file protein.csv (CSV, C-alpha atoms)
chain,number,residue,atom,x,y,z
D,796,MET,CA,10.2,6.6,21.7
D,797,GLN,CA,9.4,9.8,23.4
D,798,GLN,CA,6.1,11.4,23.6
D,799,GLY,CA,7.2,14.4,21.5
D,800,ARG,CA,7.7,12.1,18.6
D,801,ILE,CA,4.2,10.8,19.0
D,802,ASN,CA,3.0,14.4,19.0
D,803,TRP,CA,4.6,15.3,15.7
D,804,ILE,CA,3.2,12.1,14.1
D,805,ASP,CA,-0.3,13.1,15.3
D,806,GLN,CA,0.2,16.6,13.9
D,807,ALA,CA,1.5,15.3,10.6
D,808,LYS,CA,-1.5,12.9,10.3
D,809,GLY,CA,-3.8,15.8,11.2
D,810,VAL,CA,-2.4,17.8,8.3
D,811,CYS,CA,-3.0,14.8,6.0
D,812,ILE,CA,-6.5,14.1,7.0
D,813,VAL,CA,-7.6,17.7,6.8
D,814,LEU,CA,-6.2,17.9,3.3
D,815,ILE,CA,-7.8,14.6,2.3
D,816,VAL,CA,-11.2,15.9,3.4
D,817,ALA,CA,-10.6,19.1,1.5
D,818,MET,CA,-9.6,17.1,-1.6
D,819,TYR,CA,-12.9,15.1,-1.6
D,820,THR,CA,-14.9,18.2,-0.7
D,821,THR,CA,-13.5,20.4,-3.4
D,822,SER,CA,-13.8,17.7,-6.1
D,823,SER,CA,-17.4,16.7,-5.4
D,824,TYR,CA,-18.6,20.3,-4.6
D,825,GLY,CA,-17.1,21.6,-7.7
D,826,ASP,CA,-19.0,19.0,-9.7
D,827,LEU,CA,-22.2,19.8,-7.8
D,828,VAL,CA,-22.1,23.6,-8.4
D,829,GLN,CA,-20.1,23.5,-11.7
D,830,HIS,CA,-17.7,26.0,-10.3
D,831,ASP,CA,-14.0,25.8,-9.2
D,832,SER,CA,-12.8,27.6,-6.1
D,833,TRP,CA,-9.6,29.0,-4.6
D,834,VAL,CA,-9.3,25.7,-2.6
D,835,THR,CA,-8.7,23.8,-5.8
D,836,PRO,CA,-5.1,25.1,-6.3
D,837,ILE,CA,-4.4,24.2,-2.6
D,838,VAL,CA,-5.6,20.6,-3.1
D,839,ALA,CA,-3.6,20.4,-6.4
D,840,TRP,CA,-0.5,21.6,-4.5
D,841,SER,CA,-0.9,18.9,-1.9
D,842,SER,CA,-1.5,16.1,-4.4
D,843,PRO,CA,2.2,15.1,-5.0
D,844,PHE,CA,2.8,14.3,-1.3
D,845,LEU,CA,-0.6,13.7,0.3
D,846,PHE,CA,-1.0,10.0,-0.2
D,847,PRO,CA,2.7,9.2,0.1
D,848,THR,CA,2.8,10.9,3.5
D,849,PHE,CA,-0.3,9.1,4.6
D,850,PHE,CA,1.2,5.7,3.7
D,851,VAL,CA,4.7,6.4,5.2
D,852,LEU,CA,3.1,7.4,8.5
D,853,ALA,CA,0.9,4.4,8.5
D,854,ALA,CA,3.9,2.0,8.3
D,855,LEU,CA,6.2,3.6,10.8
D,856,PHE,CA,5.5,1.1,13.6
D,857,LEU,CA,4.9,-1.9,11.4
D,858,ASN,CA,8.1,-3.6,12.5
D,859,LEU,CA,6.5,-4.2,16.0
D,860,SER,CA,4.0,-6.7,14.5
D,861,LEU,CA,5.3,-7.8,11.1
D,862,PHE,CA,7.6,-10.5,12.4
D,863,GLY,CA,5.3,-11.7,15.2
D,864,SER,CA,2.5,-14.3,15.4
D,865,THR,CA,0.7,-14.9,12.1
D,866,LYS,CA,-2.6,-15.0,13.9
D,867,HIS,CA,-2.0,-11.8,15.7
D,868,PHE,CA,-0.8,-10.0,12.6
D,869,PHE,CA,-3.8,-11.3,10.5
D,870,ASP,CA,-6.2,-10.2,13.2
D,871,ARG,CA,-4.7,-6.8,13.9
D,872,LYS,CA,-3.7,-5.7,10.4
D,873,ILE,CA,-6.0,-7.6,8.0
D,874,LEU,CA,-9.2,-8.5,9.7
D,875,HIS,CA,-9.0,-5.2,11.7
D,876,PHE,CA,-9.2,-3.0,8.6
D,877,ALA,CA,-11.4,-5.4,6.7
D,878,TYR,CA,-14.1,-5.2,9.5
D,879,PHE,CA,-14.2,-1.4,9.3
D,880,TYR,CA,-14.1,-1.4,5.5
D,881,LEU,CA,-17.2,-3.6,5.4
D,882,VAL,CA,-19.1,-1.8,8.1
D,883,TRP,CA,-18.6,1.6,6.6
D,884,LEU,CA,-19.1,0.3,3.0
D,885,LEU,CA,-22.6,-0.8,4.0
D,886,ILE,CA,-23.2,2.5,6.0
D,887,GLN,CA,-22.1,4.7,3.2
D,888,LYS,CA,-24.0,2.8,0.5
D,889,ALA,CA,-27.2,2.8,2.5
D,890,ALA,CA,-26.9,6.4,3.5
D,891,LEU,CA,-25.9,7.9,0.2
D,892,ASP,CA,-27.9,5.6,-2.1
D,893,ALA,CA,-31.0,4.8,0.0
D,894,SER,CA,-33.3,4.9,-3.0
D,895,LEU,CA,-31.4,2.1,-4.6
D,896,LEU,CA,-31.6,0.0,-1.4
D,897,VAL,CA,-35.3,0.5,-1.3
D,898,ASN,CA,-36.2,0.2,-5.0
D,899,ASP,CA,-33.7,-2.3,-6.2
D,900,PRO,CA,-32.1,-4.3,-3.4
D,901,ALA,CA,-30.5,-6.8,-5.8
D,902,THR,CA,-28.5,-4.0,-7.6
D,903,PHE,CA,-27.6,-2.6,-4.2
D,904,ILE,CA,-26.2,-6.0,-3.1
D,905,ALA,CA,-24.4,-6.3,-6.4
D,906,GLU,CA,-22.7,-2.9,-5.9
D,907,VAL,CA,-21.6,-3.9,-2.4
D,908,LEU,CA,-20.1,-7.2,-3.6
D,909,ARG,CA,-18.4,-5.3,-6.5
D,910,ALA,CA,-16.9,-2.9,-3.9
D,911,LEU,CA,-15.2,-5.9,-2.2
D,912,VAL,CA,-13.0,-6.3,-5.3
D,913,LYS,CA,-13.0,-2.7,-6.6
D,914,PRO,CA,-13.2,-0.4,-3.6
D,915,THR,CA,-15.1,2.9,-3.7
D,916,ASP,CA,-13.0,6.1,-3.8
D,917,SER,CA,-14.2,7.2,-0.4
D,918,LEU,CA,-12.8,4.0,1.3
D,919,LEU,CA,-9.9,3.3,-1.0
D,920,LEU,CA,-7.2,4.2,1.6
D,921,VAL,CA,-8.5,1.7,4.2
D,922,TYR,CA,-8.7,-1.0,1.5
D,923,MET,CA,-5.1,-0.3,0.5
D,924,LEU,CA,-3.9,-0.6,4.1
D,925,ILE,CA,-5.2,-4.2,4.0
D,926,VAL,CA,-3.4,-4.9,0.7
D,927,PHE,CA,-0.1,-3.2,1.8
D,928,HIS,CA,0.0,-5.0,5.1
D,929,ALA,CA,-0.7,-8.3,3.4
D,930,VAL,CA,2.0,-7.8,0.7
D,931,THR,CA,4.6,-6.7,3.3
D,932,ARG,CA,3.9,-9.7,5.4
D,933,CYS,CA,4.5,-12.0,2.4
D,934,ILE,CA,7.8,-10.4,1.4
D,935,ARG,CA,9.1,-9.5,4.9
D,936,PHE,CA,12.2,-11.8,4.6
D,937,LEU,CA,13.3,-10.4,1.2
D,938,PRO,CA,16.3,-8.0,1.1
D,939,ALA,CA,14.8,-4.6,1.9
D,940,ARG,CA,17.0,-2.7,-0.5
D,941,LYS,CA,16.0,-4.9,-3.5
D,942,VAL,CA,12.3,-4.6,-2.6
D,943,PHE,CA,12.6,-0.8,-2.3
D,944,ILE,CA,14.3,-0.5,-5.6
D,945,ALA,CA,11.7,-2.7,-7.3
D,946,ALA,CA,8.9,-0.7,-5.7
D,947,ALA,CA,10.5,2.5,-6.8
D,948,LEU,CA,10.9,1.3,-10.3
D,949,THR,CA,7.3,0.1,-10.3
D,950,GLN,CA,6.1,3.6,-9.2
D,951,ILE,CA,8.2,5.2,-12.0
D,952,ALA,CA,6.7,2.8,-14.5
D,953,PHE,CA,3.1,3.6,-13.4
D,954,ALA,CA,4.0,7.4,-13.5
D,955,THR,CA,4.8,7.1,-17.1
D,956,GLY,CA,1.1,6.5,-17.8
D,957,TRP,CA,1.9,3.5,-20.0
D,958,ILE,CA,0.5,1.1,-17.4
D,959,ASP,CA,-3.1,1.2,-16.4
D,960,THR,CA,-4.5,-2.2,-15.2
D,961,GLY,CA,-8.1,-0.9,-15.1
D,962,TRP,CA,-8.2,-2.0,-11.5
D,963,ASN,CA,-7.8,0.7,-8.9
D,964,VAL,CA,-6.2,-1.6,-6.4
D,965,ALA,CA,-3.4,-2.7,-8.7
D,966,ASN,CA,-2.9,0.9,-9.8
D,967,MET,CA,-2.6,2.1,-6.2
D,968,LEU,CA,-0.3,-0.8,-5.3
D,969,GLY,CA,2.0,0.2,-8.2
D,970,ALA,CA,1.9,3.9,-7.5
D,971,TRP,CA,2.0,4.1,-3.7
D,972,TYR,CA,3.5,0.9,-2.2
D,973,VAL,CA,7.0,2.3,-2.4
D,974,PHE,CA,6.0,4.9,0.2
D,975,PHE,CA,4.4,2.4,2.6
D,976,PHE,CA,7.5,0.1,2.4
D,977,ALA,CA,9.8,3.1,2.9
D,978,GLY,CA,7.9,4.0,6.1
D,979,PHE,CA,8.5,0.4,7.3
D,980,VAL,CA,12.1,0.0,6.5
D,981,ALA,CA,13.3,3.5,7.1
D,982,ALA,CA,11.4,4.1,10.4
D,983,PRO,CA,14.6,4.4,12.5
D,984,HIS,CA,15.9,7.0,10.0
D,985,VAL,CA,12.6,8.9,10.1
D,986,PHE,CA,12.8,9.2,13.9
D,987,GLU,CA,16.4,10.2,13.7
D,988,PHE,CA,15.5,12.9,11.2
D,989,ALA,CA,12.7,14.2,13.5
D,990,GLU,CA,15.2,14.4,16.4
D,991,ARG,CA,17.8,16.3,14.3
D,992,VAL,CA,15.5,18.9,12.9
D,993,SER,CA,13.5,19.5,16.0
D,994,GLY,CA,16.1,21.9,17.4
D,995,HIS,CA,16.3,24.1,14.3
D,996,THR,CA,13.0,26.1,14.4
D,997,LYS,CA,14.0,29.2,12.4
D,998,ASP,CA,15.9,27.3,9.8
D,999,LEU,CA,13.1,24.8,9.5
D,1000,TRP,CA,10.5,27.5,8.6
D,1001,SER,CA,12.8,28.8,5.9
D,1002,VAL,CA,13.2,25.3,4.5
D,1003,LEU,CA,9.5,24.7,4.6
D,1004,LEU,CA,8.9,27.9,2.8
D,1005,GLY,CA,11.3,27.0,0.1
D,1006,TRP,CA,9.8,23.5,-0.3
D,1007,THR,CA,6.3,25.1,-0.5
D,1008,VAL,CA,7.4,27.3,-3.4
D,1009,ALA,CA,9.3,24.5,-5.2
D,1010,ASN,CA,6.4,22.0,-4.9
D,1011,ALA,CA,4.0,24.6,-6.1
D,1012,ALA,CA,6.2,25.3,-9.1
D,1013,PHE,CA,6.3,21.7,-10.2
D,1014,VAL,CA,2.5,21.6,-9.9
D,1015,VAL,CA,1.9,24.8,-11.8
D,1016,LEU,CA,4.3,23.6,-14.6
D,1017,GLY,CA,2.2,20.4,-14.8
D,1018,VAL,CA,5.2,18.1,-14.3
D,1019,SER,CA,4.5,16.9,-10.7
D,1020,GLY,CA,3.2,13.6,-11.9
D,1021,LEU,CA,6.0,12.8,-14.3
D,1022,PRO,CA,8.3,9.8,-13.7
D,1023,VAL,CA,11.0,10.2,-11.1
D,1024,ILE,CA,9.8,13.7,-10.3
D,1025,SER,CA,6.6,12.4,-8.7
D,1026,LEU,CA,8.7,9.9,-6.7
D,1027,ALA,CA,11.0,12.7,-5.5
D,1028,LEU,CA,8.2,15.1,-4.7
D,1029,GLY,CA,6.4,12.3,-2.7
D,1030,PHE,CA,9.4,11.8,-0.4
D,1031,ALA,CA,10.3,15.5,-0.2
D,1032,GLY,CA,6.7,16.3,0.7
D,1033,THR,CA,6.6,13.6,3.3
D,1034,ALA,CA,9.7,14.9,5.0
D,1035,ALA,CA,8.2,18.4,4.9
D,1036,VAL,CA,4.9,17.4,6.4
D,1037,MET,CA,6.9,15.6,9.2
D,1038,ALA,CA,8.9,18.7,9.8
D,1039,LEU,CA,5.7,20.8,9.8
D,1040,GLY,CA,4.2,18.4,12.3
D,1041,ILE,CA,7.2,19.1,14.6
D,1042,GLN,CA,6.6,22.8,14.3
D,1043,LEU,CA,2.9,22.6,14.8
D,1044,GLY,CA,3.4,20.5,18.0
D,1045,ARG,CA,5.1,23.5,19.6
D,1046,THR,CA,2.0,25.6,19.5
D,1047,ARG,CA,-0.6,24.6,22.1
D,1048,TRP,CA,-3.7,26.0,20.4
D,1049,LEU,CA,-2.8,23.9,17.3
D,1050,SER,CA,-3.2,20.7,19.3
D,1051,MET,CA,-6.6,20.4,17.6
D,1052,ILE,CA,-4.7,19.3,14.5
D,1053,GLY,CA,-2.9,16.6,16.5
D,1054,TYR,CA,-6.3,15.5,17.9
D,1055,ALA,CA,-7.6,15.2,14.3
D,1056,GLY,CA,-4.5,13.2,13.4
D,1057,ARG,CA,-5.0,10.8,16.3
D,1058,HIS,CA,-8.6,10.3,15.0
D,1059,CYS,CA,-7.6,10.3,11.4
D,1060,LEU,CA,-9.1,6.9,10.5
D,1061,ILE,CA,-12.3,7.7,12.3
D,1062,ILE,CA,-12.5,10.9,10.3
D,1063,TYR,CA,-11.7,9.2,7.1
D,1064,LEU,CA,-14.4,6.5,7.5
D,1065,THR,CA,-17.1,8.9,8.6
D,1066,PHE,CA,-16.7,12.3,7.0
D,1067,VAL,CA,-18.2,11.5,3.6
D,1068,ILE,CA,-21.8,11.4,5.0
D,1069,PRO,CA,-21.7,14.8,6.8
D,1070,MET,CA,-19.8,16.3,3.9
D,1071,THR,CA,-22.4,15.2,1.4
D,1072,VAL,CA,-25.2,16.6,3.6
D,1073,LEU,CA,-23.4,19.9,4.0
D,1074,GLN,CA,-22.6,20.1,0.3
D,1075,HIS,CA,-26.2,19.6,-0.8
D,1076,GLY,CA,-27.4,22.1,1.8
D,1077,PHE,CA,-25.1,24.8,0.6
D,1078,ALA,CA,-25.7,24.1,-3.1
D,1079,ALA,CA,-29.5,24.1,-2.5
D,1080,ASN,CA,-29.8,27.4,-0.6
D,1081,GLY,CA,-26.8,29.2,-1.9
D,1082,GLN,CA,-26.1,30.9,1.4
D,1083,ILE,CA,-22.4,30.9,0.7
D,1084,GLY,CA,-21.9,32.2,-2.8
D,1085,ASN,CA,-18.1,31.9,-2.7
D,1086,ALA,CA,-17.3,28.3,-3.6
D,1087,GLY,CA,-14.0,28.5,-1.9
D,1088,LEU,CA,-15.5,29.6,1.4
D,1089,ALA,CA,-18.2,27.0,1.0
D,1090,CYS,CA,-15.5,24.2,0.5
D,1091,LEU,CA,-13.6,25.4,3.6
D,1092,VAL,CA,-16.8,25.5,5.8
D,1093,ILE,CA,-17.9,22.1,4.5
D,1094,SER,CA,-14.5,20.5,5.0
D,1095,LEU,CA,-14.1,21.8,8.6
D,1096,GLY,CA,-17.7,21.1,9.3
D,1097,ALA,CA,-17.4,17.5,8.1
D,1098,VAL,CA,-14.4,17.0,10.4
D,1099,VAL,CA,-16.1,18.5,13.4
D,1100,LEU,CA,-19.3,16.7,12.9
D,1101,THR,CA,-17.5,13.4,12.6
D,1102,LEU,CA,-15.6,13.9,15.8
D,1103,VAL,CA,-18.8,15.0,17.6
D,1104,PHE,CA,-20.6,11.9,16.4
D,1105,TYR,CA,-17.7,9.7,17.5
D,1106,ARG,CA,-17.8,11.3,21.0
D,1107,LEU,CA,-21.6,10.6,21.2
D,1108,ALA,CA,-21.3,7.1,19.9
D,1109,ARG,CA,-18.4,5.7,21.8
D,1110,GLU,CA,-20.3,5.1,25.0
D,1111,THR,CA,-23.3,3.5,23.2
D,1112,PRO,CA,-23.9,0.3,21.2
D,1113,LEU,CA,-22.9,2.4,18.1
D,1114,ASN,CA,-19.3,2.0,19.4
D,1115,VAL,CA,-19.1,-1.0,17.1
D,1116,LEU,CA,-18.6,1.4,14.3
D,1117,TYR,CA,-15.2,2.3,15.7
D,1118,ARG,CA,-14.3,-0.7,17.8
D,1119,ARG,CA,-14.4,-4.2,16.6
D,1120,PRO,CA,-16.4,-6.5,18.9
D,1121,ARG,CA,-14.3,-9.0,20.9
D,1122,ARG,CA,-16.3,-11.9,19.4
D,1123,LEU,CA,-15.1,-10.9,15.9
D,1124,ARG,CA,-11.5,-11.3,16.9
D,1125,LEU,CA,-9.4,-14.4,16.5
D,1126,MET,CA,-9.4,-16.4,19.7
D,1127,ASN,CA,-5.6,-16.2,20.2
D,1128,ALA,CA,-5.4,-12.5,19.4
D,1129,ARG,CA,-8.2,-11.2,21.7
D,1130,ASN,CA,-5.8,-10.2,24.4
D,1131,ASN,CA,-3.2,-8.7,22.1
D,1132,GLY,CA,-3.4,-5.2,20.7
D,1133,SER,CA,-6.4,-3.0,20.3
D,1134,ALA,CA,-9.6,-3.5,18.4
D,1135,SER,CA,-10.2,0.2,18.2
D,1136,LEU,CA,-9.4,2.6,15.3
D,1137,LEU,CA,-7.6,4.8,17.8
D,1138,PRO,CA,-3.9,4.2,18.5
D,1139,PRO,CA,-3.0,3.7,22.2
D,1140,PRO,CA,-2.2,6.9,24.1
D,1141,PRO,CA,1.3,8.3,23.9
D,1142,THR,CA,2.6,7.3,27.4
D,1143,GLY,CA,6.0,6.4,28.5
D,1144,ALA,CA,5.0,2.9,29.0
D,1145,ARG,CA,3.6,2.4,25.5
D,1146,ASN,CA,4.6,4.3,22.4
D,1147,VAL,CA,2.5,3.1,19.5
call {"tool": "encode", "arguments": {"input": "protein.csv", "output": "structure tokens"}}
result
Amino acid sequence: MQQGRINWIDQAKGVCIVLIVAMYTTSSYGDLVQHDSWVTPIVAWSSPFLFPTFFVLAALFLNLSLFGSTKHFFDRKILHFAYFYLVWLLIQKAALDASLLVNDPATFIAEVLRALVKPTDSLLLVYMLIVFHAVTRCIRFLPARKVFIAAALTQIAFATGWIDTGWNVANMLGAWYVFFFAGFVAAPHVFEFAERVSGHTKDLWSVLLGWTVANAAFVVLGVSGLPVISLALGFAGTAAVMALGIQLGRTRWLSMIGYAGRHCLIIYLTFVIPMTVLQHGFAANGQIGNAGLACLVISLGAVVLTLVFYRLARETPLNVLYRRPRRLRLMNARNNGSASLLPPPPTGARNV
């Protein structure tokens, strides 16, 4: 695959991670100050396609490892994400609930153990990557069309609201697995789509504008989460974000979005701590009275602070926060793949 394709994937991931940070920021800051902001409608507008796009992009290169060595797959796709989930679960719990750790260690440990089964919202996407990879490995030899239809029907069933297992993992599996599986089986078509639309800049902006309005209309009418509609909006939004990634990749000064996309998992794991600090700081002194402006500053600040911390930590022993130590890898998988959260660079020799 060409480097340009990698660029648009990074750009699309960058759009997703910025919106994910804004989603968490807006929700928690609104609860903190008891006031909605103009960022809230933007987050609501992105909700039909945000997680679907994230999971489609996460599965685009799954075929390179899914049918290979069991040990390598288990090490790279299961233990890999499990390690970072556990590390950042402990860090987030300790940082955000230090008083509980000091005053009631038993309850703190109980909450950590509970999060191994019922993941916290701030780490749910990483946990679901473990589940989705494991499920796909188990069903990899089943007919892809039948699996896709079953996953789509399951998503529709969950969208009706009649099914609620009470377990966020099962609910997410039912609601979002169809998009992860689609990213895996439709990867060749996704790259073909990217190649076809890349030469139609003017037309693409018109289509993106039309999609933006249509998606907003479904959200405003309150029907974006309905059965079938939510499935269609998820895939339509995913295609739109991919097309937007292609367009953004043509503007050099917007390469910062692609940089964020390349570091999307690093940002996702880390941003909650600086976000929380910034939120309480703004809420306490009220320096920014406009809640929308505060949410924007906090979201961008959390992303920037996360990337700064990563840059400072990567050449120190703290690098274990972002790179799994060699001794914690399976013996036969130590020389295969990367133990880092970062994907390999987009060179001609290696494309994923």
call {"tool": "atom_distance", "arguments": {"input": "protein.csv", "atom1": "CA of Gly1020 in chain D", "atom2": "CA of Trp840 in chain D"}}
result
11.5 Å
call {"tool": "closest_residue", "arguments": {"input": "protein.csv", "among": "D:Leu896, D:Ile1061, D:Ala839, D:Val964", "to": "Ser1135 in chain D", "atoms": "all atoms listed in the file"}}
result
D:Ile1061
call {"tool": "closest_residue", "arguments": {"input": "protein.csv", "among": "D:Thr821, D:Asn963, D:Gln1074, D:Ser1019", "to": "Asp916 in chain D", "atoms": "all atoms listed in the file"}}
result
D:Asn963
call {"tool": "closest_atom_pairs", "arguments": {"input": "protein.csv", "of": "range 978-1092 of chain D", "to": "range 927-940 of chain D", "cutoff": "12 Å", "atoms": "all atoms listed in the file", "output": "tab-separated table"}}
result
residue	atom	partner	partner_atom	distance
D:Gly978	CA	D:Thr931	CA	11.5
D:Phe979	CA	D:Thr931	CA	9.0
D:Val980	CA	D:Ala939	CA	7.0
D:Ala981	CA	D:Ala939	CA	9.7
call {"tool": "closest_residue", "arguments": {"input": "protein.csv", "among": "D:Ile1041, D:Ile925, D:Ala977, D:Val1023", "to": "Val851 in chain D", "atoms": "all atoms listed in the file"}}
result
D:Ala977
call {"tool": "closest_residue", "arguments": {"input": "protein.csv", "among": "D:Tyr1105, D:Phe1077, D:Cys1059, D:Leu968", "to": "Val1092 in chain D", "atoms": "all atoms listed in the file"}}
result
D:Phe1077
